Each structure stands twice: as C-alpha cells, then as structure tokens.
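Participant: Below you'll find data.cif; it's mmCIF, C-alpha atoms.
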```cif
data_target
#
loop_
_atom_site.group_PDB
_atom_site.id
_atom_site.type_symbol
_atom_site.label_atom_id
_atom_site.label_comp_id
_atom_site.auth_asym_id
_atom_site.auth_seq_id
_atom_site.Cartn_x
_atom_site.Cartn_y
_atom_site.Cartn_z
ATOM 1 C CA MET A 1 24.873 -11.880 6.762
ATOM 2 C CA THR A 2 23.532 -15.217 5.519
ATOM 3 C CA CYS A 3 21.837 -18.298 6.832
ATOM 4 C CA PRO A 4 22.091 -21.884 5.572
ATOM 5 C CA ASP A 5 19.615 -22.778 2.800
ATOM 6 C CA CYS A 6 18.170 -19.237 2.753
ATOM 7 C CA SER A 7 18.507 -16.330 0.374
ATOM 8 C CA PRO A 8 21.111 -13.784 1.499
ATOM 9 C CA VAL A 9 19.776 -11.016 3.701
ATOM 10 C CA PRO A 10 21.358 -7.611 4.264
ATOM 11 C CA ALA A 11 22.640 -5.864 7.355
ATOM 12 C CA PRO A 12 20.113 -4.303 9.807
ATOM 13 C CA ALA A 13 19.531 -1.149 7.754
ATOM 14 C CA GLY A 14 18.597 -0.049 4.245
ATOM 15 C CA HIS A 15 16.390 -1.633 1.595
ATOM 16 C CA TRP A 16 16.598 -4.531 -0.843
ATOM 17 C CA VAL A 17 14.438 -6.373 -3.363
ATOM 18 C CA CYS A 18 12.676 -9.525 -2.282
ATOM 19 C CA PRO A 19 13.781 -12.198 -4.786
ATOM 20 C CA ALA A 20 11.159 -13.860 -6.958
ATOM 21 C CA ASN A 21 11.976 -17.164 -5.234
ATOM 22 C CA PRO A 22 12.933 -15.990 -1.752
ATOM 23 C CA GLY A 23 14.151 -19.342 -0.445
ATOM 24 C CA ALA A 24 12.882 -21.964 1.956
ATOM 25 C CA SER A 25 9.399 -21.076 3.172
ATOM 26 C CA PRO A 26 8.008 -22.248 6.501
ATOM 27 C CA ASP A 27 5.310 -24.883 6.434
ATOM 28 C CA VAL A 28 2.291 -22.646 6.973
ATOM 29 C CA PRO A 29 -0.814 -24.591 8.043
ATOM 30 C CA LEU A 30 -3.736 -24.247 5.669
ATOM 31 C CA TRP A 31 -5.996 -23.042 8.475
ATOM 32 C CA GLN A 32 -3.684 -20.047 9.062
ATOM 33 C CA VAL A 33 -3.789 -19.035 5.411
ATOM 34 C CA ALA A 34 -7.583 -19.447 5.462
ATOM 35 C CA ALA A 35 -7.790 -17.309 8.611
ATOM 36 C CA LEU A 36 -5.808 -14.539 6.907
ATOM 37 C CA MET A 37 -7.932 -14.741 3.757
ATOM 38 C CA GLY A 38 -11.064 -14.552 5.888
ATOM 39 C CA LYS A 39 -10.049 -11.148 7.198
ATOM 40 C CA LEU A 40 -9.581 -9.546 3.783
ATOM 41 C CA GLY A 41 -11.963 -6.670 3.131
ATOM 42 C CA ALA A 42 -13.670 -7.258 6.488
ATOM 43 C CA SER A 43 -15.627 -4.449 8.087
ATOM 44 C CA ASP A 44 -13.050 -4.449 10.891
ATOM 45 C CA ARG A 45 -10.207 -3.090 8.803
ATOM 46 C CA HIS A 46 -7.645 -3.728 11.557
ATOM 47 C CA ALA A 47 -8.302 -7.483 11.643
ATOM 48 C CA VAL A 48 -5.886 -8.173 8.787
ATOM 49 C CA ALA A 49 -2.969 -6.568 10.670
ATOM 50 C CA GLU A 50 -3.741 -8.686 13.737
ATOM 51 C CA GLU A 51 -3.903 -11.813 11.572
ATOM 52 C CA ILE A 52 -0.517 -11.069 9.973
ATOM 53 C CA LEU A 53 0.994 -10.927 13.474
ATOM 54 C CA ARG A 54 -0.608 -14.269 14.319
ATOM 55 C CA LEU A 55 0.652 -15.779 11.067
ATOM 56 C CA LEU A 56 4.246 -14.760 11.832
ATOM 57 C CA ALA A 57 4.177 -15.539 15.553
ATOM 58 C CA ALA A 58 5.226 -19.197 15.253
ATOM 59 C CA TRP A 59 8.497 -18.296 13.495
ATOM 60 C CA VAL A 60 9.157 -14.571 13.974
ATOM 61 C CA PRO A 61 7.631 -12.917 17.055
ATOM 62 C CA MET A 62 6.527 -9.364 16.235
ATOM 63 C CA ALA A 63 5.033 -6.811 18.609
ATOM 64 C CA GLN A 64 3.050 -4.630 16.237
ATOM 65 C CA CYS A 65 1.917 -4.305 12.628
ATOM 66 C CA THR A 66 0.794 -1.123 10.913
ATOM 67 C CA ILE A 67 -0.300 -0.974 7.268
ATOM 68 C CA PHE A 68 0.014 2.327 5.411
ATOM 69 C CA SER A 69 -0.756 3.515 1.888
ATOM 70 C CA PHE A 70 1.472 6.123 0.238
ATOM 71 C CA GLU A 71 0.584 8.185 -2.809
ATOM 72 C CA GLY A 72 3.264 10.462 -4.207
ATOM 73 C CA ALA A 73 5.063 12.706 -1.751
ATOM 74 C CA GLY A 74 2.007 13.349 0.417
ATOM 75 C CA ARG A 75 1.234 11.989 3.834
ATOM 76 C CA PRO A 76 0.529 8.273 4.071
ATOM 77 C CA ARG A 77 -2.820 6.949 5.238
ATOM 78 C CA THR A 78 -3.195 4.359 7.979
ATOM 79 C CA LEU A 79 -5.107 1.333 6.685
ATOM 80 C CA ALA A 80 -4.847 -0.997 9.682
ATOM 81 C CA VAL A 81 -3.032 -1.487 12.986
ATOM 82 C CA GLY A 82 -2.336 -4.638 14.992
ATOM 83 C CA ASP A 83 -0.890 -4.799 18.493
ATOM 84 C CA ARG A 84 0.062 -7.861 20.546
ATOM 85 C CA ALA A 85 -0.487 -6.345 24.010
ATOM 86 C CA ARG A 86 2.307 -3.775 23.790
ATOM 87 C CA THR A 87 0.677 -0.410 24.212
ATOM 88 C CA ARG A 88 -2.842 0.403 23.146
ATOM 89 C CA ALA A 89 -1.525 3.755 21.997
ATOM 90 C CA LEU A 90 -0.508 2.334 18.600
ATOM 91 C CA PRO A 91 -3.223 4.312 16.726
ATOM 92 C CA ASP A 92 -1.823 7.507 18.298
ATOM 93 C CA ILE A 93 1.733 6.489 17.391
ATOM 94 C CA SER A 94 0.756 5.781 13.784
ATOM 95 C CA GLN A 95 -1.026 9.135 13.642
ATOM 96 C CA ALA A 96 2.135 10.897 14.839
ATOM 97 C CA TYR A 97 4.070 9.028 12.153
ATOM 98 C CA VAL A 98 1.771 10.070 9.286
ATOM 99 C CA GLN A 99 1.634 13.677 10.464
ATOM 100 C CA ARG A 100 5.234 14.314 11.502
ATOM 101 C CA PHE A 101 7.756 11.536 10.948
ATOM 102 C CA TYR A 102 7.014 9.639 7.716
ATOM 103 C CA ARG A 103 9.715 11.524 5.782
ATOM 104 C CA LEU A 104 12.394 10.456 8.266
ATOM 105 C CA ASP A 105 12.439 6.668 7.954
ATOM 106 C CA GLY A 106 13.723 6.290 4.389
ATOM 107 C CA ALA A 107 10.704 4.332 3.125
ATOM 108 C CA GLN A 108 9.707 6.951 0.563
ATOM 109 C CA GLN A 109 13.243 7.069 -0.829
ATOM 110 C CA ALA A 110 13.100 3.292 -1.243
ATOM 111 C CA MET A 111 9.766 3.602 -3.068
ATOM 112 C CA GLN A 112 11.144 6.255 -5.402
ATOM 113 C CA THR A 113 14.223 4.154 -6.143
ATOM 114 C CA HIS A 114 12.140 1.130 -7.105
ATOM 115 C CA HIS A 115 9.139 2.851 -8.691
ATOM 116 C CA GLN A 116 9.976 2.104 -12.332
ATOM 117 C CA ALA A 117 10.801 -1.524 -11.600
ATOM 118 C CA ALA A 118 7.558 -1.854 -9.641
ATOM 119 C CA LEU A 119 5.563 -0.379 -12.535
ATOM 120 C CA ALA A 120 7.061 -2.931 -14.916
ATOM 121 C CA ALA A 121 6.250 -5.906 -12.682
ATOM 122 C CA SER A 122 3.123 -8.013 -13.129
ATOM 123 C CA PRO A 123 0.346 -8.261 -10.516
ATOM 124 C CA GLN A 124 1.062 -11.993 -10.277
ATOM 125 C CA GLN A 125 4.722 -11.387 -9.402
ATOM 126 C CA PRO A 126 4.965 -7.890 -7.928
ATOM 127 C CA HIS A 127 8.225 -6.074 -7.247
ATOM 128 C CA ILE A 128 8.520 -6.316 -3.458
ATOM 129 C CA VAL A 129 10.961 -4.152 -1.507
ATOM 130 C CA LEU A 130 11.937 -4.684 2.111
ATOM 131 C CA HIS A 131 13.156 -1.758 4.193
ATOM 132 C CA ARG A 132 14.760 -2.298 7.592
ATOM 133 C CA GLN A 133 15.426 0.250 10.318
ATOM 134 C CA ALA A 134 16.813 -0.394 13.825
ATOM 135 C CA ALA A 135 15.869 1.904 16.697
ATOM 136 C CA HIS A 136 19.478 2.844 17.385
ATOM 137 C CA ALA A 137 19.842 4.029 13.770
ATOM 138 C CA VAL A 138 17.093 6.678 14.164
ATOM 139 C CA GLU A 139 18.823 10.009 14.625
ATOM 140 C CA HIS A 140 15.767 12.216 15.153
ATOM 141 C CA PRO A 141 15.229 12.140 18.949
ATOM 142 C CA GLU A 142 11.484 12.752 19.003
ATOM 143 C CA TYR A 143 10.812 10.270 16.207
ATOM 144 C CA ARG A 144 12.913 7.667 18.010
ATOM 145 C CA GLN A 145 11.202 8.321 21.334
ATOM 146 C CA ILE A 146 7.597 8.203 20.074
ATOM 147 C CA CYS A 147 7.837 5.420 17.491
ATOM 148 C CA TYR A 148 10.504 3.191 19.061
ATOM 149 C CA GLU A 149 11.280 3.910 22.718
ATOM 150 C CA TRP A 150 7.728 4.494 23.926
ATOM 151 C CA PRO A 151 6.314 1.221 22.464
ATOM 152 C CA ARG A 152 9.596 -0.608 23.334
ATOM 153 C CA VAL A 153 10.429 -1.483 19.734
ATOM 154 C CA ALA A 154 13.877 -2.709 18.682
ATOM 155 C CA GLU A 155 13.434 -2.401 14.923
ATOM 156 C CA ARG A 156 10.963 -2.044 12.083
ATOM 157 C CA LEU A 157 10.786 -4.065 8.870
ATOM 158 C CA ALA A 158 8.606 -2.625 6.099
ATOM 159 C CA ILE A 159 7.311 -4.765 3.220
ATOM 160 C CA LEU A 160 6.640 -2.380 0.313
ATOM 161 C CA SER A 161 4.713 -3.006 -2.909
ATOM 162 C CA LEU A 162 3.122 -0.831 -5.586
ATOM 163 C CA HIS A 163 -0.638 -1.237 -6.012
ATOM 164 C CA GLU A 164 -2.511 -0.314 -9.197
ATOM 165 C CA GLY A 165 0.552 1.617 -10.389
ATOM 166 C CA ARG A 166 -0.135 4.550 -8.118
ATOM 167 C CA ARG A 167 -0.192 3.730 -4.408
ATOM 168 C CA TRP A 168 2.526 2.036 -2.417
ATOM 169 C CA LEU A 169 1.307 -0.248 0.345
ATOM 170 C CA SER A 170 3.641 -0.619 3.321
ATOM 171 C CA VAL A 171 3.254 -3.429 5.857
ATOM 172 C CA ASN A 172 5.333 -2.247 8.821
ATOM 173 C CA LEU A 173 6.353 -4.997 11.243
ATOM 174 C CA TYR A 174 7.754 -3.923 14.617
ATOM 175 C CA ARG A 175 10.019 -6.142 16.687
ATOM 176 C CA GLY A 176 9.829 -5.817 20.484
ATOM 177 C CA LEU A 177 12.886 -5.114 22.616
ATOM 178 C CA GLU A 178 12.383 -8.390 24.482
ATOM 179 C CA HIS A 179 13.137 -10.336 21.286
ATOM 180 C CA GLY A 180 15.988 -8.143 20.057
ATOM 181 C CA LEU A 181 16.952 -7.663 16.427
ATOM 182 C CA MET A 182 15.821 -10.317 13.985
ATOM 183 C CA THR A 183 18.239 -13.122 13.274
ATOM 184 C CA ASP A 184 19.265 -14.007 9.740
ATOM 185 C CA ALA A 185 16.933 -17.011 9.773
ATOM 186 C CA GLU A 186 13.990 -14.937 11.033
ATOM 187 C CA LEU A 187 14.569 -12.261 8.424
ATOM 188 C CA ALA A 188 14.748 -14.898 5.702
ATOM 189 C CA THR A 189 11.444 -16.348 6.949
ATOM 190 C CA VAL A 190 9.697 -12.969 6.693
ATOM 191 C CA GLN A 191 11.202 -12.568 3.231
ATOM 192 C CA ALA A 192 9.813 -15.963 2.210
ATOM 193 C CA LEU A 193 6.342 -15.034 3.491
ATOM 194 C CA ALA A 194 6.431 -11.517 1.988
ATOM 195 C CA PRO A 195 4.672 -12.490 -1.303
ATOM 196 C CA LEU A 196 1.759 -14.014 0.634
ATOM 197 C CA ILE A 197 1.513 -10.954 2.882
ATOM 198 C CA VAL A 198 1.680 -8.559 -0.080
ATOM 199 C CA GLN A 199 -1.067 -10.304 -2.046
ATOM 200 C CA ALA A 200 -3.279 -10.505 1.045
ATOM 201 C CA VAL A 201 -2.873 -6.805 1.823
ATOM 202 C CA ARG A 202 -3.524 -5.851 -1.807
ATOM 203 C CA LEU A 203 -6.780 -7.799 -1.776
ATOM 204 C CA HIS A 204 -7.690 -6.311 1.594
ATOM 205 C CA TYR A 205 -7.045 -2.773 0.364
ATOM 206 C CA THR A 206 -9.093 -3.339 -2.794
ATOM 207 C CA GLY A 207 -11.941 -4.788 -0.738
ATOM 208 C CA GLN A 208 -11.873 -1.813 1.602
ATOM 209 C CA VAL A 209 -11.864 0.615 -1.317
ATOM 210 C CA LEU A 210 -14.734 -1.200 -3.034
ATOM 211 C CA SER A 211 -16.809 -0.997 0.135
ATOM 212 C CA VAL A 212 -15.871 2.585 1.001
ATOM 213 C CA ASP A 213 -14.601 4.451 -2.044
ATOM 214 C CA LEU A 214 -15.011 2.797 -5.433
ATOM 215 C CA MET A 215 -14.223 6.136 -7.064
ATOM 216 C CA ALA A 216 -10.671 6.080 -5.671
ATOM 217 C CA LEU A 217 -10.067 2.635 -7.158
ATOM 218 C CA LEU A 218 -11.386 3.642 -10.599
ATOM 219 C CA LEU A 219 -9.309 6.836 -10.659
ATOM 220 C CA ASP A 220 -6.218 4.879 -9.592
ATOM 221 C CA ARG A 221 -6.746 2.519 -12.509
ATOM 222 C CA LEU A 222 -7.348 5.408 -14.892
ATOM 223 C CA ALA A 223 -3.994 6.946 -13.893
ATOM 224 C CA LEU A 224 -2.260 3.619 -14.552
ATOM 225 C CA ARG A 225 -3.988 2.528 -17.763
ATOM 226 C CA GLY A 226 -5.025 5.674 -19.552
ATOM 227 C CA PRO A 227 -3.222 8.489 -21.347
ATOM 228 C CA ALA A 228 -2.201 11.624 -19.489
ATOM 229 C CA LEU A 229 -5.319 13.670 -18.760
ATOM 230 C CA SER A 230 -5.549 17.329 -17.840
ATOM 231 C CA PRO A 231 -7.097 18.375 -14.514
ATOM 232 C CA ARG A 232 -10.213 19.459 -16.447
ATOM 233 C CA ASP A 233 -10.374 16.064 -18.161
ATOM 234 C CA LEU A 234 -10.179 14.343 -14.770
ATOM 235 C CA ASP A 235 -13.030 16.502 -13.468
ATOM 236 C CA VAL A 236 -15.109 15.360 -16.426
ATOM 237 C CA VAL A 237 -14.190 11.696 -15.883
ATOM 238 C CA ARG A 238 -15.108 11.923 -12.197
ATOM 239 C CA GLY A 239 -18.505 13.313 -13.143
ATOM 240 C CA LEU A 240 -19.014 10.592 -15.737
ATOM 241 C CA LEU A 241 -18.085 7.873 -13.223
ATOM 242 C CA GLU A 242 -20.542 9.366 -10.760
ATOM 243 C CA GLY A 243 -23.216 8.924 -13.407
ATOM 244 C CA LEU A 244 -23.933 12.633 -13.947
ATOM 245 C CA SER A 245 -26.037 13.515 -16.933
ATOM 246 C CA THR A 246 -24.594 15.937 -19.479
ATOM 247 C CA GLU A 247 -26.818 18.671 -18.037
ATOM 248 C CA HIS A 248 -25.632 18.093 -14.463
ATOM 249 C CA LEU A 249 -22.021 17.803 -15.618
ATOM 250 C CA ALA A 250 -22.299 21.188 -17.351
ATOM 251 C CA GLU A 251 -23.820 22.703 -14.214
ATOM 252 C CA ARG A 252 -21.113 21.323 -11.929
ATOM 253 C CA LEU A 253 -18.216 22.430 -14.144
ATOM 254 C CA GLY A 254 -19.667 25.770 -15.185
ATOM 255 C CA LEU A 255 -19.913 24.816 -18.843
ATOM 256 C CA THR A 256 -22.503 25.269 -21.510
ATOM 257 C CA LEU A 257 -24.395 22.137 -22.478
ATOM 258 C CA ALA A 258 -22.601 22.075 -25.845
ATOM 259 C CA SER A 259 -19.174 22.367 -24.178
ATOM 260 C CA ALA A 260 -19.999 19.555 -21.750
ATOM 261 C CA GLN A 261 -21.017 17.340 -24.679
ATOM 262 C CA THR A 262 -17.774 18.186 -26.486
ATOM 263 C CA TYR A 263 -15.665 17.424 -23.391
ATOM 264 C CA THR A 264 -17.452 14.095 -22.894
ATOM 265 C CA LYS A 265 -16.964 12.971 -26.495
ATOM 266 C CA ARG A 266 -13.307 14.012 -26.392
ATOM 267 C CA ILE A 267 -12.698 12.022 -23.178
ATOM 268 C CA TYR A 268 -14.282 8.892 -24.627
ATOM 269 C CA ARG A 269 -12.210 9.322 -27.787
ATOM 270 C CA LYS A 270 -8.975 9.764 -25.775
ATOM 271 C CA LEU A 271 -9.700 6.640 -23.756
ATOM 272 C CA GLY A 272 -10.842 4.637 -26.740
ATOM 273 C CA VAL A 273 -14.205 3.660 -25.263
ATOM 274 C CA ALA A 274 -17.672 3.911 -26.759
ATOM 275 C CA GLY A 275 -19.457 5.457 -23.792
ATOM 276 C CA HIS A 276 -20.123 5.428 -20.062
ATOM 277 C CA LYS A 277 -20.749 1.680 -19.715
ATOM 278 C CA ALA A 278 -17.648 0.847 -21.728
ATOM 279 C CA LEU A 279 -15.564 3.247 -19.594
ATOM 280 C CA VAL A 280 -16.646 1.609 -16.332
ATOM 281 C CA ALA A 281 -16.207 -1.901 -17.753
ATOM 282 C CA TRP A 282 -12.691 -1.060 -18.924
ATOM 283 C CA LEU A 283 -11.678 0.291 -15.509
ATOM 284 C CA LEU A 284 -13.145 -2.710 -13.679
ATOM 285 C CA ALA A 285 -11.562 -5.238 -16.050
ATOM 286 C CA PRO A 286 -8.452 -7.221 -14.979
ATOM 287 C CA GLN A 287 -5.199 -5.310 -14.953
ATOM 288 C CA SER A 288 -3.753 -7.586 -17.631
ATOM 289 C CA LEU A 289 -5.641 -5.646 -20.313
ATOM 290 C CA GLU A 290 -3.434 -3.379 -22.358
ATOM 291 C CA PRO A 291 -3.609 0.345 -21.512
ATOM 292 C CA VAL A 292 -5.273 2.601 -24.026
ATOM 293 C CA PRO A 293 -2.559 4.019 -26.314
ATOM 294 C CA LYS A 294 -1.884 7.730 -26.060
ATOM 295 C CA ARG A 295 -3.440 9.766 -28.839
#
```
For the structure just supplied, provide its representation as structure tokens.

Facilitator:
Amino acid sequence: MTCPDCSPVPAPAGHWVCPANPGASPDVPLWQVAALMGKLGASDRHAVAEEILRLLAAWVPMAQCTIFSFEGAGRPRTLAVGDRARTRALPDISQAYVQRFYRLDGAQQAMQTHHQAALAASPQQPHIVLHRQAAHAVEHPEYRQICYEWPRVAERLAILSLHEGRRWLSVNLYRGLEHGLMTDAELATVQALAPLIVQAVRLHYTGQVLSVDLMALLLDRLALRGPALSPRDLDVVRGLLEGLSTEHLAERLGLTLASAQTYTKRIYRKLGVAGHKALVAWLLAPQSLEPVPKR
C-alpha cells in the first residue's frame, strides 16, 4: 500500500521502522508545536496525550491516546491518557491492558526485535518503530471486547521508541469506528509526525521523572552507561545517590563500616569517578558522553 509523494506504508498489521526522513510532513502551525511543548513535564501528566490528539486532529482524527512505558518483560506503566469524548472509562481500559492484555498485542515482540538497533541509535535520531493492530485481527475475545469493542475502536497504532537505553515508550493512538481504518495518506502523515511526537514524549517522561522520581532516571542512565553491576553494587549506588553517609550505608546494608568503605571505593573505581559529586554529575551529563569502559 502506497500513497503519492509519501514513504511506503505497510498493510494494517505488524510493525515497521519509521524512516529517518519519513516523507512529506504536514504544515504544522507553530502555535500547535508550542502548545505541545507547553504540556511537557506539566503537573497534569495527561495533558500531553490530549495535546497529541489535538495536534493530529486536523489531518488524522484519533479517538484516544494512551502513553505507556515498558521495562523488560514486566508490566507496562501508564504515563498519560487522552480521550476525545469517547468513553471516560479509558483509565480503566488502560489498567486492564497493563494488568491482563499487554502480552497479547505484539508490541513487546516488536520492541525485542528492534532493541539492538534502538540501542545503537542516537538521541537526536532515535530508532522509531510503528506497530499497527486492527480490531478484527485481535483473536483474544476478552481483550478485543474491552480494548476495542467497548470504546468503539477500529484500530491501534503504536509509536515505539527506546528511552535512556532501558525503557520503551509507547504512544498508542486509537482510531474510532466512525472514521474506519487509516488511509495510506493518513498513516504516512502520522509517520511523518512520529519524530516530533517521540521527542515530545521523551521530554515529557524525563520531566515527570525529574519531578517525581529522580532516582529512577539516574539508575536508568547507570544501566545504559556503566559497566555491569551486581545487585549488591546497585544497592550501594542507590545509597550513594540518596546521599547516605558511609555509616548509614553500612547500617542499611548490614555491613561493617570498613566493608561499606571498601564497597564505596570499589564502585567509584568501577565507574571511573572520583566521588559522590562526580558520580551524580556523570549521570546527569548529556547522553553523548562515552560510557565508562568495563574494568
């Protein structure tokens, strides 16, 4: 399936890589981009999902938007939901998805397939994967009923990207039955806007983490940039990032003071940093810095 002057797009199922230059992009007004940027990291975490729906509305009507984060094979976490007057039960639907159905839609398989390529990509030009699923292709009856038939959704298009080398962010766009399946031109438009959406959601996620859980961000970066650390090493690093003194670190981990000092020195040596301030500065520095070599 193709459209004139647009990058080729696949059939209504499966996953594919968003090209680096995805084709003709719609003329997005500056005020719309500014409105999206204004929602990033906002205290109302759902505002960014609503703004993505508004951004797309002029070219590709979508009914709902849900943003998830995936880490490994565990359950995803809902970051934001947006709903254009479909059913106000979308938070309940997304909760059912993360608890019961997330393994059934093929998104995790797509992430696993593209993980190495995503790791090798730069933050400026991330490896973006699109995953499409039509309602009629969902074989599991309860999953189809709750996530598609109940909210009257014809299909779902997920925009997937790896963040900080550890978490996949998934922007799930749901098309209402009244608009039918996306046309080739509409799909190409979403593909052209995918880089903007991905960068916005990455910034939003980082802003949310910085305001809620800085520790999660620092540990994510440690996993990406540092050498492989043992579970005990990670416990020590967490204590160091929390600012624990050597005495309190020893007490928390059930170590002698001398052992805690030895662990701390060994961690700094493994990571190639001079001390606590250097460790934090390294983890907060831009991702372009080279990872510490394994020792």

Participant: Compare A:Ile128, A:Ser170, A:Val48, A:Gly254 by their minimum atom-to-atom distance to A:Ala192, counting only C-alpha atoms, and give me the closest one.

Facilitator: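 Selected residue with least distance to A:Ala192: A:Ile128.
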
Participant: Using only C-alpha atoms, find the one residue out of A:Gly72, A:Pro141, A:Pro227, A:Pro151 that sits nearest to A:Gln112.

Facilitator: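 Checking each candidate against A:Gln112, we get A:Gly72 as the closest.
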
Participant: For stretch 235-245 of chain A, please output as a ChimeraX atom specification all residues within 9 Å (counting all atoms listed in the file; exclusion window: fewer than 4 positions along the same chain).

Facilitator: /A:215,218-219,230-231,249-250,252-253,260,263-264,267,276,279-280

Participant: Counting only C-alpha atoms, which of A:Glu164, A:Glu247, A:Glu50, A:Asp83 gets nearest to A:Leu284?

Facilitator: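 Nearest candidate to A:Leu284 out of A:Glu164, A:Glu247, A:Glu50, A:Asp83: A:Glu164.
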
Participant: For a cut-off of 12 Å around (6.6, -7.0, -8.3), file coordinates, pick out all residues using only C-alpha atoms and list them as a ChimeraX atom specification.

Facilitator: /A:17-21,114-130,159-165,168,194-195,198-199

Participant: May I ask for the distance between atom CA of A:Val153 and atom CA of A:Ala63, given in Å to one decimal place?

Facilitator: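 Pair atom CA of A:Val153 / atom CA of A:Ala63 returns 7.7 Å.
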
Participant: In Å, how far is it from atom CA of A:Ile93 to atom CA of A:Leu79?

Facilitator: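 Atom-to-atom, atom CA of A:Ile93 to atom CA of A:Leu79, that is 13.7 Å.
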
Participant: Calculated over only C-alpha atoms, which of the candidates A:Ala89, A:Ile67, A:Ala57, A:Leu229 has the smallest distance to A:Ala158?

Facilitator: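 Closest to A:Ala158 of all the choices is A:Ile67.
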
Participant: Find the residue from A:Gln95, A:Ser69, A:Thr262, A:Thr113 that sits nearest to A:Leu169; use all atoms listed in the file when measuring.

Facilitator: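 For A:Leu169, the nearest of the candidates is A:Ser69.
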
Participant: Extract, using only C-alpha atoms, all DNA, RNA and protein residues at most 9 Å from A:Leu53, discarding same-chain residues fewer than 5 positions from it, and format them as a list in words.

Facilitator: Val48, Val60, Pro61, Met62, Ala63, Gln64, Cys65, Gly82, Asp83, Arg84 and Leu173 of chain A

Participant: For the file shown, what are the residues hit by the PyMOL selection byres ((chain A and resi 91) around 9), laid out as number ranges by chain?

Facilitator: A: 66, 78, 80-81, 88-90, 92-96

Participant: Keeping only C-alpha atoms, write the selected residues as a tab-separated table (two decimals), in the frame of the given file.

Facilitator:
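Below you can see part_23.tsv, which holds the result:
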```tsv
chain	number	residue	atom	x	y	z
A	66	THR	CA	0.79	-1.12	10.91
A	78	THR	CA	-3.20	4.36	7.98
A	80	ALA	CA	-4.85	-1.00	9.68
A	81	VAL	CA	-3.03	-1.49	12.99
A	88	ARG	CA	-2.84	0.40	23.15
A	89	ALA	CA	-1.52	3.76	22.00
A	90	LEU	CA	-0.51	2.33	18.60
A	92	ASP	CA	-1.82	7.51	18.30
A	93	ILE	CA	1.73	6.49	17.39
A	94	SER	CA	0.76	5.78	13.78
A	95	GLN	CA	-1.03	9.14	13.64
A	96	ALA	CA	2.13	10.90	14.84
```

Participant: Figure out the distance between atom CA of A:His136 and atom CA of A:Gly176, please, to one decimal in Å.

Facilitator: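 Between these atoms lies a distance of 13.3 Å.
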
Participant: Which residues, written as a PDB file with C-alpha atoms, in the coordinates of the input, have at least one atom at most 8 Å from A:Arg166, with all atoms listed in the file counted and residues fewer than 5 positions away on the same chain left out?

Facilitator:
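Everything below was put into part-v2.pdb:
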```
ATOM      1  CA  GLU A  71       0.584   8.185  -2.809  1.00  0.00           C
ATOM      2  CA  GLY A  72       3.264  10.462  -4.207  1.00  0.00           C
ATOM      3  CA  ASP A 220      -6.218   4.879  -9.592  1.00  0.00           C
ATOM      4  CA  ALA A 223      -3.994   6.946 -13.893  1.00  0.00           C
ATOM      5  CA  LEU A 224      -2.260   3.619 -14.552  1.00  0.00           C
TER       6      LEU A 224
END
```

Participant: Excluding A:Arg156 and any residue of its chain fewer than 3 positions from it, enumerate the residues within 7 Å of it, using only C-alpha atoms, and give them as a VMD selection string.

Facilitator: chain A and resid 132 to 134 172 to 175

Participant: Hey, which of A:Ala154, A:His46, A:Gln261, A:Leu222 ends up closest to A:Glu178? Count all atoms listed in the file.

Facilitator: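 Nearest candidate to A:Glu178 out of A:Ala154, A:His46, A:Gln261, A:Leu222: A:Ala154.
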